[in-house]
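*Asks:* Pasting in a structure now, in structure tokens, and then I'll have a few things to ask.
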Protein chains: 2
Amino acid sequence: MISEKMIAMAKGGSAIRAMFEEGNRMAALYGRENVYDYSLGNPNFPAPKALNDAIHHIIDTESDTVHCYMPNAGYPDVRMAVAENLNKRFGTAFTDANIIMTVGAGGSLNVIFKTILNPGDEVLTIAPYFLEYGNYVRNYDGVLTTVNADPVTFQPDAEAIRAAITPKTKALLVNNPNNPTGVIYTEESVRALAKVLEEKSAEYGHPICLISDEPYRELAYDGAVVPWLTKYYKNTVVCYSWSKSLSLPGERIGYLCIPSECDDFQMLFDAAVVANRILGYVNAPSLMQRAVAKVLDEKTDIDGYNGNRQLLYNGLKDCGFESVYPDGAFYLWMKVPGGDDKAFANAAKKYNLLIVPGSSFACGGYVRLAYCVSPDMIRRSLPAFKKLAEEYGL
Amino acid sequence: MISEKMIAMAKGGSAIRAMFEEGNRMAALYGRENVYDYSLGNPNFPAPKALNDAIHHIIDTESDTVHCYMPNAGYPDVRMAVAENLNKRFGTAFTDANIIMTVGAGGSLNVIFKTILNPGDEVLTIAPYFLEYGNYVRNYDGVLTTVNADPVTFQPDAEAIRAAITPKTKALLVNNPNNPTGVIYTEESVRALAKVLEEKSAEYGHPICLISDEPYRELAYDGAVVPWLTKYYKNTVVCYSWSKSLSLPGERIGYLCIPSECDDFQMLFDAAVVANRILGYVNAPSLMQRAVAKVLDEKTDIDGYNGNRQLLYNGLKDCGFESVYPDGAFYLWMKVPGGDDKAFANAAKKYNLLIVPGSSFACGGYVRLAYCVSPDMIRRSLPAFKKLAEEYGL
């Protein structure tokens, strides 16, 4: 009864479940407090109180209308509030006509791929990358192609990107700040990217869309600036989610921003609204649309994540491990002694450490540690890392 | 920049917007109270107070966890509560292992189509039908085929369905209670359908899935029974939404029920969970999952809709119009004098009446009136219908 594509997918899906079940099995055996789970990007800090207050207020004052249908692109006043917030921060000139509220960034990405991809079109992304991108692109019979980031800085390598773009490349997909490396693309990197995209668009006679997946935008440390990409290249769209910035991953609320200067803007926007409707999303969840619009200036506990970042980075350094010092997101990208990341992640399990091999992001030789966990867990885990380091002769 | 499929879709989408804008234009000209808008299925009764109370309570007591990720299929306790509620009402034996929480019925339908359709597979549905079905099926390169309902009763015509099933038919999609006719499929109709599906599955050597789209299940009048289809045919899946039963269309919350007796059950369920994830839904909105689970026995204002039903049906009868007396949903399916439904819907606009031609549901000769409106609007509209009737010589 199952489609051929999905038979393979359903079997592949069990790898993820296996890790989840492994964590539960270990917790049952050793106690939850003795298992150090760095595998999942589920924010440990709860949503800001202001968000919950906003929900109470909306239910008390708008209960007759808040659960109803609205235009498929979302409430016009919510979209305008999002646009004005972006304008205030980035000097842009968006209005509600540039914003589509979506079911998280997963929704935004599917909507833009549905909107632009013909079968066989290529979407280029930079490895390491979130493997779900491949599924999203293949949903529309596109082909995900990849190019490696700089092997030391993990910044995009503009010349490698130039070489990887083909006449079939419809889009370049970037994730900034980056999962899994924690790297923030610098303005210099972005300018180089934009130049390549402009030249290649001209060479092949059609626009190459820059798609920026930005759920980690607000997670930037030490005053690091995350460039707003629509200012550097006109055919840029931004896929955003409040999953991480307001700790709302379960609520599925985000937006797709399509600037007016994009080629074929109005048709592109209209087509994206139709895609949002016919993919069965219909519209982004209504109560959450209204709630996030009331707390656009709220932040999650950046200081808390920053504390975790330093605790884990320094703790692992003291054990002898070498990591990319992360400027953003809540992931640490750690080099594996000897380079066999799968063997290393397996060895880590002996010490009740759950970490994700870099191969799961198409980049072996590293592991990803999600430090959106309690600082106590980090502290308790360091002796286990010490033993792991000793096993590896560090 | 836009995909070839979506260029056509974006242009087609403007027909819907045109009707919406027509309503706004008329409201600005004549005053909102003098425009009688029967076009949209947006419930007029607000969500039950108990639902809003549940949201307050959840925010007060579960604020640290309610917005987080959970398994992609949804919270296990929510899925178990849904299963037990179905068991209590229909004598089934579902558990959480049979329920996937989804982004409304639009989400459920896309998930099951993604899960089962190979390119070129046919999904058969019964006209008149909700035209979005075609988009949902085409998302997965399936082909929507149609067969007419009985032209008098609008019950499914089992023999016509038998004749319309081909070796490529992967599923029969039904909507019960029906949009746009308001008809509820009788147990006799369902038994006849099940028999045809069993025989044709055997003849072609592969199961034909029965997909029941049931957002109107709870809207049944005068004690009418809506048969629970999984009890009649083993390869049945149910797509549900609380959009209408709890007046939550904007919140996008529903479920997909896959009974254990389905062929390849476990793989089918696992594949559907993966489809739910990779289509970018990831999971159904978390707060709404927890909220609906607390009010599963709540009902919308059925008496209110019933009052509207009788007021409109009788009012139109007094004008000389003939309609199908609806047993369920909140739609009246009215015969058009002379049979030209588009001309009739246009003529109705002269009297500030907004109604949808049956052609928009692939069945000319009728119009659909959505009576999820205030009874006052119905009363105020009747003189306008009287004039329309007179224009048509009734």
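In the structure tokens, each chain is lettered A, B, ... as it comes, each chain's residues begin at 1, and ligands are numbered from 1 in order of appearance.
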Show which residues sit within 7 Å of Ala293 in chain A, as a PyMOL selection string. Count only C-alpha atoms, and ignore same-chain residues fewer than 5 positions away.

*Replies:* chain A and resi 78+81-82

*Asks:* Find the residues around Pro383 in chain A up to 12 Å (only C-alpha atoms counted), leave out those fewer than 6 positions away in its own chain, and share them as a PDB file with all heavy atoms, in the first residue's frame.

*Replies:*
ATOM      1  N   ASN A  34      22.239  10.393  34.971  1.00  0.00           N
ATOM      2  CA  ASN A  34      23.561   9.856  34.634  1.00  0.00           C
ATOM      3  C   ASN A  34      23.748   9.622  33.140  1.00  0.00           C
ATOM      4  O   ASN A  34      24.704   8.975  32.721  1.00  0.00           O
ATOM      5  CB  ASN A  34      23.792   8.543  35.397  1.00  0.00           C
ATOM      6  CG  ASN A  34      23.768   8.771  36.897  1.00  0.00           C
ATOM      7  OD1 ASN A  34      24.370   9.726  37.384  1.00  0.00           O
ATOM      8  ND2 ASN A  34      23.040   7.934  37.627  1.00  0.00           N
ATOM      9  N   TYR A  36      24.061  11.665  29.518  1.00  0.00           N
ATOM     10  CA  TYR A  36      24.410  13.017  29.068  1.00  0.00           C
ATOM     11  C   TYR A  36      24.027  13.137  27.603  1.00  0.00           C
ATOM     12  O   TYR A  36      24.780  12.730  26.708  1.00  0.00           O
ATOM     13  CB  TYR A  36      25.901  13.273  29.319  1.00  0.00           C
ATOM     14  CG  TYR A  36      26.324  12.791  30.698  1.00  0.00           C
ATOM     15  CD1 TYR A  36      27.192  11.723  30.860  1.00  0.00           C
ATOM     16  CD2 TYR A  36      25.762  13.386  31.847  1.00  0.00           C
ATOM     17  CE1 TYR A  36      27.536  11.267  32.124  1.00  0.00           C
ATOM     18  CE2 TYR A  36      26.096  12.928  33.109  1.00  0.00           C
ATOM     19  CZ  TYR A  36      26.978  11.861  33.251  1.00  0.00           C
ATOM     20  OH  TYR A  36      27.296  11.398  34.493  1.00  0.00           O
ATOM     21  N   LEU A 312      31.100  24.224  28.075  1.00  0.00           N
ATOM     22  CA  LEU A 312      31.354  23.006  27.304  1.00  0.00           C
ATOM     23  C   LEU A 312      32.632  23.134  26.472  1.00  0.00           C
ATOM     24  O   LEU A 312      33.466  22.218  26.459  1.00  0.00           O
ATOM     25  CB  LEU A 312      30.151  22.700  26.394  1.00  0.00           C
ATOM     26  CG  LEU A 312      30.235  21.379  25.628  1.00  0.00           C
ATOM     27  CD1 LEU A 312      30.288  20.176  26.579  1.00  0.00           C
ATOM     28  CD2 LEU A 312      29.060  21.214  24.659  1.00  0.00           C
ATOM     29  N   GLY A 315      35.551  23.072  28.873  1.00  0.00           N
ATOM     30  CA  GLY A 315      35.645  21.755  29.514  1.00  0.00           C
ATOM     31  C   GLY A 315      36.238  20.728  28.560  1.00  0.00           C
ATOM     32  O   GLY A 315      37.095  19.914  28.943  1.00  0.00           O
ATOM     33  N   LEU A 316      35.793  20.759  27.308  1.00  0.00           N
ATOM     34  CA  LEU A 316      36.294  19.790  26.332  1.00  0.00           C
ATOM     35  C   LEU A 316      37.741  20.103  25.940  1.00  0.00           C
ATOM     36  O   LEU A 316      38.553  19.188  25.712  1.00  0.00           O
ATOM     37  CB  LEU A 316      35.395  19.770  25.090  1.00  0.00           C
ATOM     38  CG  LEU A 316      33.989  19.225  25.348  1.00  0.00           C
ATOM     39  CD1 LEU A 316      33.134  19.341  24.096  1.00  0.00           C
ATOM     40  CD2 LEU A 316      34.045  17.766  25.815  1.00  0.00           C
ATOM     41  N   ASP A 318      39.884  21.378  27.959  1.00  0.00           N
ATOM     42  CA  ASP A 318      40.691  20.866  29.076  1.00  0.00           C
ATOM     43  C   ASP A 318      40.903  19.358  28.973  1.00  0.00           C
ATOM     44  O   ASP A 318      41.890  18.825  29.467  1.00  0.00           O
ATOM     45  CB  ASP A 318      40.020  21.196  30.421  1.00  0.00           C
ATOM     46  CG  ASP A 318      40.070  22.696  30.719  1.00  0.00           C
ATOM     47  OD1 ASP A 318      40.855  23.408  30.042  1.00  0.00           O
ATOM     48  OD2 ASP A 318      39.309  23.157  31.600  1.00  0.00           O
ATOM     49  N   CYS A 319      39.948  18.665  28.363  1.00  0.00           N
ATOM     50  CA  CYS A 319      40.105  17.215  28.161  1.00  0.00           C
ATOM     51  C   CYS A 319      41.063  16.917  27.013  1.00  0.00           C
ATOM     52  O   CYS A 319      41.431  15.765  26.778  1.00  0.00           O
ATOM     53  CB  CYS A 319      38.764  16.559  27.831  1.00  0.00           C
ATOM     54  SG  CYS A 319      37.547  16.619  29.160  1.00  0.00           S
ATOM     55  N   ALA A 348      31.558   6.873  22.819  1.00  0.00           N
ATOM     56  CA  ALA A 348      31.032   7.820  23.809  1.00  0.00           C
ATOM     57  C   ALA A 348      29.871   7.219  24.598  1.00  0.00           C
ATOM     58  O   ALA A 348      29.679   7.518  25.779  1.00  0.00           O
ATOM     59  CB  ALA A 348      30.590   9.103  23.105  1.00  0.00           C
ATOM     60  N   TYR A 351      30.257   5.802  28.003  1.00  0.00           N
ATOM     61  CA  TYR A 351      30.317   6.743  29.130  1.00  0.00           C
ATOM     62  C   TYR A 351      29.000   7.506  29.267  1.00  0.00           C
ATOM     63  O   TYR A 351      28.952   8.578  29.866  1.00  0.00           O
ATOM     64  CB  TYR A 351      31.502   7.694  28.930  1.00  0.00           C
ATOM     65  CG  TYR A 351      32.797   6.956  28.685  1.00  0.00           C
ATOM     66  CD1 TYR A 351      33.320   6.856  27.409  1.00  0.00           C
ATOM     67  CD2 TYR A 351      33.455   6.308  29.738  1.00  0.00           C
ATOM     68  CE1 TYR A 351      34.484   6.147  27.173  1.00  0.00           C
ATOM     69  CE2 TYR A 351      34.615   5.595  29.505  1.00  0.00           C
ATOM     70  CZ  TYR A 351      35.132   5.515  28.224  1.00  0.00           C
ATOM     71  OH  TYR A 351      36.278   4.801  27.985  1.00  0.00           O
ATOM     72  N   ASN A 352      27.949   6.932  28.665  1.00  0.00           N
ATOM     73  CA  ASN A 352      26.597   7.531  28.717  1.00  0.00           C
ATOM     74  C   ASN A 352      26.537   8.908  28.048  1.00  0.00           C
ATOM     75  O   ASN A 352      25.716   9.743  28.415  1.00  0.00           O
ATOM     76  CB  ASN A 352      26.088   7.634  30.162  1.00  0.00           C
ATOM     77  CG  ASN A 352      25.869   6.262  30.785  1.00  0.00           C
ATOM     78  OD1 ASN A 352      25.987   5.244  30.104  1.00  0.00           O
ATOM     79  ND2 ASN A 352      25.541   6.239  32.065  1.00  0.00           N
ATOM     80  N   LEU A 353      27.414   9.118  27.078  1.00  0.00           N
ATOM     81  CA  LEU A 353      27.418  10.372  26.326  1.00  0.00           C
ATOM     82  C   LEU A 353      26.727  10.142  24.979  1.00  0.00           C
ATOM     83  O   LEU A 353      27.145   9.273  24.205  1.00  0.00           O
ATOM     84  CB  LEU A 353      28.854  10.830  26.065  1.00  0.00           C
ATOM     85  CG  LEU A 353      29.650  11.297  27.280  1.00  0.00           C
ATOM     86  CD1 LEU A 353      31.148  11.348  26.951  1.00  0.00           C
ATOM     87  CD2 LEU A 353      29.171  12.681  27.731  1.00  0.00           C
ATOM     88  N   MET A 377      24.059  19.418  33.713  1.00  0.00           N
ATOM     89  CA  MET A 377      24.345  18.228  32.916  1.00  0.00           C
ATOM     90  C   MET A 377      25.721  18.343  32.271  1.00  0.00           C
ATOM     91  O   MET A 377      26.484  17.367  32.226  1.00  0.00           O
ATOM     92  CB  MET A 377      23.275  17.994  31.847  1.00  0.00           C
ATOM     93  CG  MET A 377      23.441  16.637  31.161  1.00  0.00           C
ATOM     94  SD  MET A 377      22.504  16.469  29.610  1.00  0.00           S
ATOM     95  CE  MET A 377      23.820  16.735  28.406  1.00  0.00           C
ATOM     96  N   ALA A 389      38.344  10.930  26.421  1.00  0.00           N
ATOM     97  CA  ALA A 389      39.603  11.505  25.911  1.00  0.00           C
ATOM     98  C   ALA A 389      40.768  10.564  26.214  1.00  0.00           C
ATOM     99  O   ALA A 389      41.647  10.338  25.368  1.00  0.00           O
ATOM    100  CB  ALA A 389      39.840  12.876  26.542  1.00  0.00           C
ATOM    101  N   GLU A 390      40.763  10.022  27.429  1.00  0.00           N
ATOM    102  CA  GLU A 390      41.846   9.103  27.813  1.00  0.00           C
ATOM    103  C   GLU A 390      41.846   7.864  26.939  1.00  0.00           C
ATOM    104  O   GLU A 390      42.900   7.392  26.497  1.00  0.00           O
ATOM    105  CB  GLU A 390      41.722   8.724  29.291  1.00  0.00           C
ATOM    106  CG  GLU A 390      42.233   9.852  30.196  1.00  0.00           C
ATOM    107  CD  GLU A 390      41.744   9.738  31.640  1.00  0.00           C
ATOM    108  OE1 GLU A 390      41.103   8.722  31.991  1.00  0.00           O
ATOM    109  OE2 GLU A 390      41.989  10.698  32.404  1.00  0.00           O
TER     110      GLU A 390
END

*Asks:* Grab the CA of Leu173 in chain B to CA of Leu210 in chain B distance for me, in Å with one decimal place.

*Replies:*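 Pair CA of Leu173 in chain B / CA of Leu210 in chain B returns 6.1 Å.
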
*Asks:* Based on only C-alpha atoms, which of the residues in chain A come within 6 Å of chain B? I want them as a list in words.

*Replies:*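 In the required form, that comes to Met1, Ile2, Ser3, Met6, Ala10, Pro46, Asp64, His67, Cys68, Tyr69, Gly106, Gly107, Thr115, Ile116, Leu117, Asn118, Leu248, Pro249, Gly250, Glu251, Arg252, Asp270, Ala271, Gly280, Pro285 and Ser286 of chain A.
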
*Asks:* Assign secondary structure with DSSP using the backbone only, and return the residues of range 180-389 of chain A in alpha helix (DSSP H) as an MDAnalysis selection string.

*Replies:* chainID A and resid 187:204 265:278 286:294 302:319 341:349 375:389

*Asks:* Tell me, which residues of range 43-254 of chain A carry DSSP strand (DSSP E or B), written as a VMD selection string?

*Replies:* chain A and resid 99 to 102 122 to 127 143 to 148 169 to 175 209 to 213 220 236 to 241 254

*Asks:* So which residues touch range 87-93 of chain B within 9 Å, counting only C-alpha atoms, skipping near sequence neighbours fewer than 2 positions away, as a list in words?

*Replies:*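 After dropping sequence-adjacent residues, the list is Val82, Ala83, Glu84, Asn85, Thr95, Pro227, Trp228, Thr230, Lys231 and Pro259 of chain B.
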
*Asks:* Quick one: residues within 12 Å of Phe154 in chain B, only C-alpha atoms, excluding same-chain residues fewer than 3 positions away - as number ranges by chain?

*Replies:* B: 126-129, 147-151, 157-158, 175-186, 189, 323-327, 333, 363, 366
